[in-house]
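Q: Shown below is the structure under consideration.
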Amino acid sequence: MNQHYTSTAKLLHWGMAVVIAGLITLGFVMTDMPLSPEKLQYYSWHKWAGVSVFMLVWLRLGWRVLNPPPPYPSAMSPLMQRLAHAGHAALYALMVIIPVSGWLLSSAKGVQTVWFGVLPLPDLLEKNKELGHLLHEVHESLNYLLLVLLAGHVAAAFKHHWLDRDDIFKRMLPFGSASSKDNA
Amino acid sequence: MKHLSLFLLGTALGTGAGAVEYKAIQPEKSKVTFQFKQMGVGMDGQFKKFAAQLNFDPAKPAAARAQIDIDLASVDAGSSEADDEVVGKSWFHVKAFPKATFVAREIKPAGANQFEVSGALTLKGKSQEVKFPLKYTPQGSVGLFSGGFVIRRADFSIGEGMWAKFDVVANDIQVNFQLTAIPGK
């Protein structure tokens, strides 16, 4: 059994990690800025990246179904395995839900989302100030939840690497090959 | 010559009975809107306060007079943040230039219930000639007048300084209006 993720899975994982990190940072920066051309630009870039994440996560889920990830090491307790599964499921769910909440938020604010300035997404909601405000809160709260889960995700990876000393972290590294333990 | 007389006769017959001169508008049934592109996204806005002075008999367009004054501070540019921005110095600068004014100079017939209007638009201390087709729709005792034209914001120094480039907010601004006019005595 291959103990590594496929190169495609790794590329999607690290690529999306970079995009999402930038997306969240941009989200906090742009909302704090006074109105300027840069602010409007950042909003557009944020939306473009958000739509991209929404597209990529479906590609990623499809790939995952066709190429199941390597199983957890048997040393992991059933409880920890269930916790890991639940954490990953929640991360995937948020990667779908957060862009959708942003899209709805844009519609309610009356600013259509046009992917890369070219492909217009339909506005699913009528312009509505109160709803726009509420959806902003929802979008922001979901991102705080994502940050908490991501902190847990990263902490777990390091725990596996430094404390459990298993291959969970290494098998996702971009240039790793099958671990030496497999050959031992 | 024969065609001309027939045309004149037709005009006289067609409008003679219901000759009407519009002298005012109903602001609550009238709209002045604008559209522009921001980062490739179509945005809508409108002015909520405006006034018009007119003497317009559709049968005698040559004698017509029309002026519309727009209260720029009544702008709805899509969000309160945008509203606060556009009344400021780099955009409309409403403290110094509270109004935009259009004065029709010439109204020519251009087919059934269609006119070609030209006149001067004054905005932020600058005047530009604009020309646009005007559509007239009689509706019982009132008349609907609608039309639109494109202005370039740079021609009026709308959006100066950091906004002067067109990469975020496009230069072309589509202005549309629909006015409900009422006849006067």
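How things are named: the first chain in the structure tokens is A, the next is B, and so on; residues count from 1 in each chain; ligands count from 1 in the order shown.
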Using only C-alpha atoms, determine which residues lie at most 6 Å from B:Ser74, disregarding the query and same-chain residues fewer than 5 positions distant; provide the list as a list of chain:residue names.

A: B:Phe47, B:Lys48, B:Lys49

Q: Could you take the residues named above and write them with N, CA and C atoms, as a compact mmCIF listing (two decimals), in the first residue's frame?

A:
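Resulting contents of part.txt:
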```
# COMPACT_ATOMS: atom_id res chain seq x y z
N PHE B 47 -29.53 59.36 -8.38
CA PHE B 47 -29.68 60.61 -7.64
C PHE B 47 -31.12 60.69 -7.18
N LYS B 48 -31.27 60.96 -5.88
CA LYS B 48 -32.63 60.93 -5.34
C LYS B 48 -33.32 62.29 -5.41
N LYS B 49 -32.54 63.36 -5.56
CA LYS B 49 -33.15 64.69 -5.62
C LYS B 49 -32.73 65.43 -6.87
```

Q: Excluding stretch 168-171 of chain A and its own-chain neighbours fewer than 2 positions away, which residues fall within 7 Å of it when counting only C-alpha atoms? Please give them as JSON, numbers by chain.

A: {"A": [3, 4, 5, 157, 160, 161, 166, 173, 176]}

Q: How many Å lie between atom CA of A:Leu66 and atom CA of A:Gly152, rounded to one decimal?

A: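 Taking atom CA of A:Leu66 as the start and atom CA of A:Gly152 as the end point, the length is 26.7 Å.
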
Q: For atom CA of A:Pro99 and atom CA of A:Asp123, determine how far apart the two atoms are, in Å to one decimal place.

A: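 Atom CA of A:Pro99 sits 13.7 Å away from atom CA of A:Asp123.
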
Q: Could you list, with a cut-off of 10 Å and counting only C-alpha atoms, the residues of chain A near chain B, each shown with its nearest atom pair and the distance in Å rounded to one decimal, rows sorted by chain and ascending number, as a tab-separated table?

A:
```
residue	atom	partner	partner_atom	distance
A:Pro34	CA	B:Glu81	CA	9.2
A:Leu35	CA	B:Glu81	CA	7.4
A:Ser36	CA	B:Met162	CA	7.5
A:Pro37	CA	B:Val168	CA	6.1
A:Glu38	CA	B:Val168	CA	8.3
A:Lys39	CA	B:Val168	CA	9.8
A:Leu40	CA	B:Val168	CA	7.2
A:Gln41	CA	B:Val168	CA	6.8
A:Tyr43	CA	B:Met39	CA	9.4
A:Ser44	CA	B:Met39	CA	6.9
A:Trp45	CA	B:Met39	CA	9.6
A:Lys109	CA	B:Ser79	CA	7.8
A:Gly110	CA	B:Gly78	CA	6.9
A:Val111	CA	B:Met43	CA	6.9
A:Gln112	CA	B:Val41	CA	6.4
A:Thr113	CA	B:Val41	CA	7.2
A:Val114	CA	B:Val41	CA	6.2
A:Trp115	CA	B:Gly40	CA	9.4
A:Phe116	CA	B:Gly40	CA	8.5
A:Gly117	CA	B:Gly40	CA	4.8
A:Val118	CA	B:Gly40	CA	7.2
A:Leu119	CA	B:Gly40	CA	9.6
A:Pro120	CA	B:Val41	CA	8.1
A:Lys127	CA	B:Gly78	CA	9.5
A:Lys129	CA	B:Ser79	CA	8.6
```

Q: Pick out the residues sitting within 10 Å of A:Glu126, and hand them over as a ChimeraX atom specification; count only C-alpha atoms, and ignore anything fewer than 4 positions along from it in its own chain.

A: /A:104,107-110,131-132

Q: Would you output that residue set with C-alpha atoms, as a compact mmCIF listing (two decimals), in the first residue's frame?

A:
```txt
# COMPACT_ATOMS: atom_id res chain seq x y z
CA LEU A 104 -24.04 35.63 -1.04
CA SER A 107 -24.89 39.78 -3.83
CA ALA A 108 -26.60 41.23 -0.76
CA LYS A 109 -24.18 44.16 -0.79
CA GLY A 110 -25.09 44.80 -4.41
CA LEU A 131 -28.88 40.94 5.08
CA GLY A 132 -25.52 42.09 3.69
```

Q: Leaving out A:Met55 and any residue of its chain fewer than 2 positions from it, which residues lie within 12 Å of it when counting only C-alpha atoms, given as a list in words?

A: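 Using only C-alpha atoms, the neighbours found are Leu12, Met16, Trp48, Ala49, Gly50, Val51, Ser52, Val53, Val57, Trp58, Leu59, Arg60, Leu61, Gly62, Met95, Val96, Ile97, Pro99, Val100 and Trp115 of chain A.
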
Q: Quick one: of B:Gln128, B:Gln26, B:Gly45, B:Gly88, who's nearest to B:Val103, counting only C-alpha atoms?

A: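 That would be B:Gln128, the residue with the smallest distance to B:Val103.
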
Q: Mind pulling up the distance from atom CA of B:Lys31 to atom CA of B:Asp76?

A: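 Taking atom CA of B:Asp76 as the start and atom CA of B:Lys31 as the end point, the length is 12.1 Å.
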
Q: Please extract the residues of stretch 140-169 of chain B with a backbone DSSP assignment of helix (DSSP H, G or I) and present them as a PDB file with N, CA and C atoms, in the first residue's frame.

A:
```pdb
ATOM      1  N   ARG B 153     -15.947  60.533 -17.149  1.00  0.00           N
ATOM      2  CA  ARG B 153     -15.786  61.244 -15.879  1.00  0.00           C
ATOM      3  C   ARG B 153     -14.562  62.160 -15.884  1.00  0.00           C
ATOM      4  N   ALA B 154     -13.536  61.778 -16.656  1.00  0.00           N
ATOM      5  CA  ALA B 154     -12.317  62.591 -16.684  1.00  0.00           C
ATOM      6  C   ALA B 154     -12.588  63.976 -17.286  1.00  0.00           C
ATOM      7  N   ASP B 155     -13.572  64.063 -18.193  1.00  0.00           N
ATOM      8  CA  ASP B 155     -13.909  65.351 -18.804  1.00  0.00           C
ATOM      9  C   ASP B 155     -14.376  66.363 -17.764  1.00  0.00           C
ATOM     10  N   PHE B 156     -14.857  65.851 -16.628  1.00  0.00           N
ATOM     11  CA  PHE B 156     -15.387  66.738 -15.592  1.00  0.00           C
ATOM     12  C   PHE B 156     -14.546  66.667 -14.314  1.00  0.00           C
ATOM     13  N   GLY B 161      -6.897  62.597  -8.424  1.00  0.00           N
ATOM     14  CA  GLY B 161      -5.851  62.048  -7.563  1.00  0.00           C
ATOM     15  C   GLY B 161      -5.724  60.551  -7.736  1.00  0.00           C
ATOM     16  N   MET B 162      -5.840  59.826  -6.627  1.00  0.00           N
ATOM     17  CA  MET B 162      -5.621  58.380  -6.683  1.00  0.00           C
ATOM     18  C   MET B 162      -6.684  57.665  -7.524  1.00  0.00           C
ATOM     19  N   TRP B 163      -7.812  58.357  -7.794  1.00  0.00           N
ATOM     20  CA  TRP B 163      -8.875  57.739  -8.580  1.00  0.00           C
ATOM     21  C   TRP B 163      -8.768  58.055 -10.069  1.00  0.00           C
TER      22      TRP B 163
END
```

Q: Write down as a list in words the residues of stretch 16-171 of chain A whose backbone DSSP state falls under strand (DSSP E or B).

A: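 Those in stretch 16-171 of chain A that DSSP calls strand (DSSP E or B) are Val114, Trp115, Leu119 and Pro120 of chain A.
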
Q: Take the residues from that selection and write them out as an mmCIF file, in the first residue's frame, keeping N, CA and C atoms.

A:
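After the write, part-v9.cif holds the following:
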```cif
data_model
loop_
_atom_site.group_PDB
_atom_site.id
_atom_site.type_symbol
_atom_site.label_atom_id
_atom_site.label_comp_id
_atom_site.auth_asym_id
_atom_site.auth_seq_id
_atom_site.Cartn_x
_atom_site.Cartn_y
_atom_site.Cartn_z
ATOM 1 N N VAL A 114 -17.493 38.948 -10.291
ATOM 2 C CA VAL A 114 -17.115 38.654 -11.677
ATOM 3 C C VAL A 114 -15.717 38.051 -11.628
ATOM 4 N N TRP A 115 -15.674 36.728 -11.840
ATOM 5 C CA TRP A 115 -14.422 35.980 -11.658
ATOM 6 C C TRP A 115 -13.335 36.494 -12.598
ATOM 7 N N LEU A 119 -15.771 36.463 -15.830
ATOM 8 C CA LEU A 119 -16.911 35.550 -15.741
ATOM 9 C C LEU A 119 -17.857 35.986 -14.619
ATOM 10 N N PRO A 120 -19.026 36.527 -14.987
ATOM 11 C CA PRO A 120 -19.941 36.979 -13.940
ATOM 12 C C PRO A 120 -20.690 35.820 -13.300
#
```

Q: What's the 7 Å shell around B:Asn113, counting only C-alpha atoms, without same-chain residues fewer than 4 positions away, as a VMD selection string?

A: chain B and resid 135 to 137

Q: Put those residues in a file: C-alpha atoms, as an mmCIF file, in the first residue's frame.

A:
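Result saved to out-v5.cif:
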```
data_model
loop_
_atom_site.group_PDB
_atom_site.id
_atom_site.type_symbol
_atom_site.label_atom_id
_atom_site.label_comp_id
_atom_site.auth_asym_id
_atom_site.auth_seq_id
_atom_site.Cartn_x
_atom_site.Cartn_y
_atom_site.Cartn_z
ATOM 1 C CA LYS B 135 -38.178 58.925 -26.234
ATOM 2 C CA TYR B 136 -41.607 60.326 -25.486
ATOM 3 C CA THR B 137 -44.456 58.107 -24.322
#
```

Q: Using only C-alpha atoms, which of B:Ser141, B:Arg105, B:Ala64, B:Gly148 sits nearest B:Glu129?

A: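 With only C-alpha atoms as the atom set, the closest residue is B:Arg105.
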
Q: Using only C-alpha atoms, which residues sit within 8 Å of B:Gln114 once same-chain residues fewer than 3 positions away are excluded, as a VMD selection string?

A: chain B and resid 109 to 111 133 to 136

Q: Those same residues - N, CA and C atoms - I'd like them written as a compact mmCIF listing (two decimals), in the first residue's frame.

A:
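And here is the file that came out, again-v1.txt:
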```txt
# COMPACT_ATOMS: atom_id res chain seq x y z
N PRO B 109 -37.14 66.90 -33.88
CA PRO B 109 -37.90 65.67 -34.04
C PRO B 109 -37.06 64.61 -34.74
N ALA B 110 -37.24 63.36 -34.35
CA ALA B 110 -36.46 62.27 -34.95
C ALA B 110 -37.33 61.03 -35.08
N GLY B 111 -38.51 61.20 -35.68
CA GLY B 111 -39.42 60.07 -35.85
C GLY B 111 -40.57 60.19 -34.87
N PRO B 133 -30.73 60.62 -27.84
CA PRO B 133 -32.11 60.43 -28.30
C PRO B 133 -33.07 60.47 -27.11
N LEU B 134 -34.19 61.11 -27.31
CA LEU B 134 -35.19 61.22 -26.25
C LEU B 134 -36.45 60.52 -26.72
N LYS B 135 -36.97 59.64 -25.87
CA LYS B 135 -38.18 58.93 -26.23
C LYS B 135 -39.34 59.49 -25.43
N TYR B 136 -40.43 59.75 -26.13
CA TYR B 136 -41.61 60.33 -25.49
C TYR B 136 -42.74 59.31 -25.53
```

Q: Pick out the closest residue to A:Leu147 from this set: A:Asp167, A:Ala21, A:Phe54, A:Asp32. Count only C-alpha atoms.

A: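 Ranked by minimum distance to A:Leu147, first place goes to A:Ala21.
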
Q: With only C-alpha atoms as the basis for distance, which of A:Leu56, A:Ser106, A:Leu23, A:Tyr72 is at the shortest distance from A:Ala84?

A: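 Once distances to A:Ala84 are computed over only C-alpha atoms, the minimum belongs to A:Tyr72.
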